[in-house]
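Report on the following structure.
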Amino acid sequence: MRLRTLLATAVVSAGIPTLVSAQQNAAVQRAQQAYQALDFSAALRNAQTALNQRLTQEDRILTYEILAFTYGALDSTRQAVAAFRELIFLDPNREPDVERVSPRITSLYASALGQVLVVRRTQADSSSFVAGQGMVPIRYQVSRPSRVFTRVIGPGIDAVIDSQLVAGTGGVQWDALGAGGEPLPPGDYQIVVTAQEGRNEFGTQLGVRIRHAPVDTVAHLVRLPGYTPQPEFVTPPRDWKPLGIALLATGLGAGAAVALENGQLEAGTREQLGGVSALVLITGLVMSIKKPDPQPVPANILYNQLLREQLAERNAAIAAENAARRRQTLLTVTPAIGGAP
Amino acid sequence: MRRALGISCVFGVLAASMASAQTVRVGVHAVSATLDEVKKEKRADGEGFGGTLQIRFGKILFEASGYQTEMSPSQESDSVDFKARQFDVRLSYRLATAVAVEVGGGRRFIDPELAAQDVGFVRIGVLSENQIARIANVWIRGAYLVAPKFSGGGESGLSVELGFGAGVGTTNGRFRVRADYEFQRIDRRIFPEPAQLELKVPIQIAVARLGVEVGF
């Protein structure tokens, strides 16, 4: 029995550093020093003395923790569980570190936790979303199956936002909107989570802060990503088509004119015919030799037109979206510093 | 004949006045002409000047032109110098890229009256116009002359005309130089009294024009 107690004490002592040493009360200080010196009777005596005094919340928590650990080290199960119950009521989120405390102590803590109804580990993640398009996740744990009400209290609102039966872990998604669907005004709010089981009831609260900001607008596009406008005019390679057409026209015209000459009148000098034919041929030759004129590319013109239409449609959609965004509010919800219970 | 010419003019003006014309061109040109009548000894050559008006609206092209030349008969001829004035109107409608049908009329006046034949006619033909570059085009046309009328009477057998030419202008279409050639053959026949034997008195004229145009 002596050996078992010493062994348990050695393991339990490892949890001592976890006890907060910022206490002010002298009795609590003495109880902690006695506990660390493995003088459990002195630790119990000083702890009991401290409980009869006016203590701060933190000293009271620490005192019950010393009591619970000491009773646990002394195998006083009933008293240890009772001390842990008081500790849990005072601070539901405080629990022995399973990495450093003996399983016996943690089992005593678990036993105490199963006997009381508390809401623990209430937390809300920081969220930023457009009002009406997002939610703030709020999570909590209850020590026993119970009905849990979640209530929001703050500027312009005091309403229950959720009610559900929870065993173990529960949660709610909060839209941070008022009754009329409007975003709640900026400020500090309290999320009150209350668990009810028969006549037992336990509540905890979490402070959150809501801030407003304008919603970012989207920049207009100057080009469609991944698409490059194509040249609408392309200079074709030099060819002899102009000269060919001029030759054809001259050949047909001059040939027909000569063929149609009236035999009775005999052939004239044909100076006019020769002169104009030469000019037409020269025109064709020059047009063939000179750098060809850029020619429109219908496929590219259509492609570019399609791009311009798509760009216009996208920008119109962006403009409409921006107009809608300018009417929206960006809500940022963060846990308030010092707002936790 | 005058009626046909008038109708052609009305069609041309109507086409030109449809909405706003796409292109209007006005030009002046120098003319060189050779007129043959009856036989080669009566050939006359001359130079002169003329003008054109072109109105293009979509597929429709209206063209009115005229010229005057001072004609000098050849040395073998017993004729005297005379003036020839010709007026033509043409209205074409483009059926395909380079094919258009063309109708119109023409009238040639000779002064003094007996030096050669005044001729009037209606033409029905085709026009092929090719844009060989952005600044240049080439065209060729041919027409059948319907029932030509002559100041000296008579009737005609084969009556045709054809022409071709080219134009080169500035990129903006404001100025243009054009050269074209027109050939007309009319196989005129007369039946003089009293025997009323058929006598062939053909008419043939070749005209070359070189001028400048301004576009609006």
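Labels for the structure tokens follow display order: chains A, B, ..., residues from 1 in each chain, ligands from 1.
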
Show me, as a Markdown table, the residues of chain A having an atom within 12 Å of chain B, each with the closest atom pair and its distance in Å, using only C-alpha atoms.
| residue | atom | partner | partner_atom | distance |
| --- | --- | --- | --- | --- |
| A:Pro236 | CA | B:Ala133 | CA | 11.7 |
| A:Arg238 | CA | B:Ala133 | CA | 11.5 |
| A:Asp239 | CA | B:Ile132 | CA | 10.9 |
| A:Trp240 | CA | B:Ile132 | CA | 9.9 |
| A:Lys241 | CA | B:Ile132 | CA | 7.4 |
| A:Pro242 | CA | B:Ile132 | CA | 4.8 |
| A:Leu243 | CA | B:Ile132 | CA | 8.2 |
| A:Gly244 | CA | B:Ile132 | CA | 9.4 |
| A:Ile245 | CA | B:Ile132 | CA | 7.3 |
| A:Ala246 | CA | B:Val138 | CA | 6.5 |
| A:Leu247 | CA | B:Val138 | CA | 9.9 |
| A:Leu248 | CA | B:Ile140 | CA | 9.5 |
| A:Ala249 | CA | B:Ile140 | CA | 6.0 |
| A:Thr250 | CA | B:Phe164 | CA | 7.0 |
| A:Gly251 | CA | B:Phe164 | CA | 9.8 |
| A:Leu252 | CA | B:Ile140 | CA | 8.1 |
| A:Gly253 | CA | B:Phe164 | CA | 5.8 |
| A:Ala254 | CA | B:Phe164 | CA | 8.2 |
| A:Gly255 | CA | B:Leu162 | CA | 10.6 |
| A:Ala256 | CA | B:Leu162 | CA | 7.9 |
| A:Ala257 | CA | B:Phe183 | CA | 6.3 |
| A:Val258 | CA | B:Phe183 | CA | 9.4 |
| A:Ala259 | CA | B:Arg185 | CA | 11.0 |
| A:Leu260 | CA | B:Arg185 | CA | 7.3 |
| A:Glu261 | CA | B:Arg185 | CA | 7.2 |
| A:Asn262 | CA | B:Arg185 | CA | 7.4 |
| A:Gly263 | CA | B:Lys39 | CA | 9.5 |
| A:Gln264 | CA | B:Lys39 | CA | 6.3 |
| A:Leu265 | CA | B:Lys40 | CA | 4.7 |
| A:Glu266 | CA | B:Lys40 | CA | 6.2 |
| A:Ala267 | CA | B:Lys40 | CA | 8.3 |
| A:Gly268 | CA | B:Lys40 | CA | 8.1 |
| A:Thr269 | CA | B:Thr34 | CA | 9.2 |
| A:Arg270 | CA | B:Ala206 | CA | 8.3 |
| A:Glu271 | CA | B:Ala208 | CA | 8.8 |
| A:Gln272 | CA | B:Ala208 | CA | 5.2 |
| A:Leu273 | CA | B:Tyr181 | CA | 6.4 |
| A:Gly274 | CA | B:Tyr181 | CA | 9.4 |
| A:Gly275 | CA | B:Ala208 | CA | 8.1 |
| A:Val276 | CA | B:Asp180 | CA | 5.9 |
| A:Ser277 | CA | B:Gly165 | CA | 7.8 |
| A:Ala278 | CA | B:Ala179 | CA | 10.0 |
| A:Leu279 | CA | B:Ala179 | CA | 7.1 |
| A:Val280 | CA | B:Ala166 | CA | 5.3 |
| A:Leu281 | CA | B:Ala166 | CA | 8.8 |
| A:Ile282 | CA | B:Ala166 | CA | 9.7 |
| A:Thr283 | CA | B:Ala166 | CA | 7.1 |
| A:Gly284 | CA | B:Ile132 | CA | 7.4 |
| A:Leu285 | CA | B:Ile132 | CA | 10.4 |
| A:Val286 | CA | B:Ala136 | CA | 9.9 |
| A:Met287 | CA | B:Ala133 | CA | 6.5 |
| A:Ser288 | CA | B:Ala133 | CA | 8.6 |
| A:Ile289 | CA | B:Ala133 | CA | 11.2 |
| A:Lys290 | CA | B:Ala133 | CA | 9.8 |
| A:Lys291 | CA | B:Ala133 | CA | 10.1 |
| A:Pro292 | CA | B:Ala133 | CA | 7.5 |
| A:Asp293 | CA | B:Arg134 | CA | 6.4 |
| A:Pro294 | CA | B:Arg134 | CA | 8.9 |
| A:Gln295 | CA | B:Arg134 | CA | 9.1 |
| A:Pro296 | CA | B:Arg134 | CA | 11.4 |

key: strand (DSSP E) residues, from DSSP on the backbone, in range 81-282 of chain A, as JSON, numbers by chain   = {"A": [119, 120, 121, 122, 123, 124, 127, 128, 129, 130, 136, 137, 138, 139, 140, 141, 142, 143, 144, 145, 146, 147, 148, 149, 150, 151, 152, 153, 154, 157, 158, 159, 160, 161, 162, 163, 164, 165, 166, 167, 168, 169, 170, 171, 172, 173, 174, 187, 188, 189, 190, 191, 192, 193, 194, 195, 196, 197, 200, 201, 202, 203, 204, 205, 206, 207, 208, 209, 210, 211, 212, 213, 214, 233, 234]}

message = Can you pull out every residue from range 39-108 of chain A that DSSP, working from the backbone, puts in alpha helix (DSSP H), and format the result as an MDAnalysis selection string?
response = chainID A and resid 40:51 57:73 77:90 103:108

note = Using only C-alpha atoms, the shortest atom-to-atom distance to Arg94 in chain B among B:Pro112, B:Gly58, B:Gly120, B:Gly106 belongs to B:Gly58
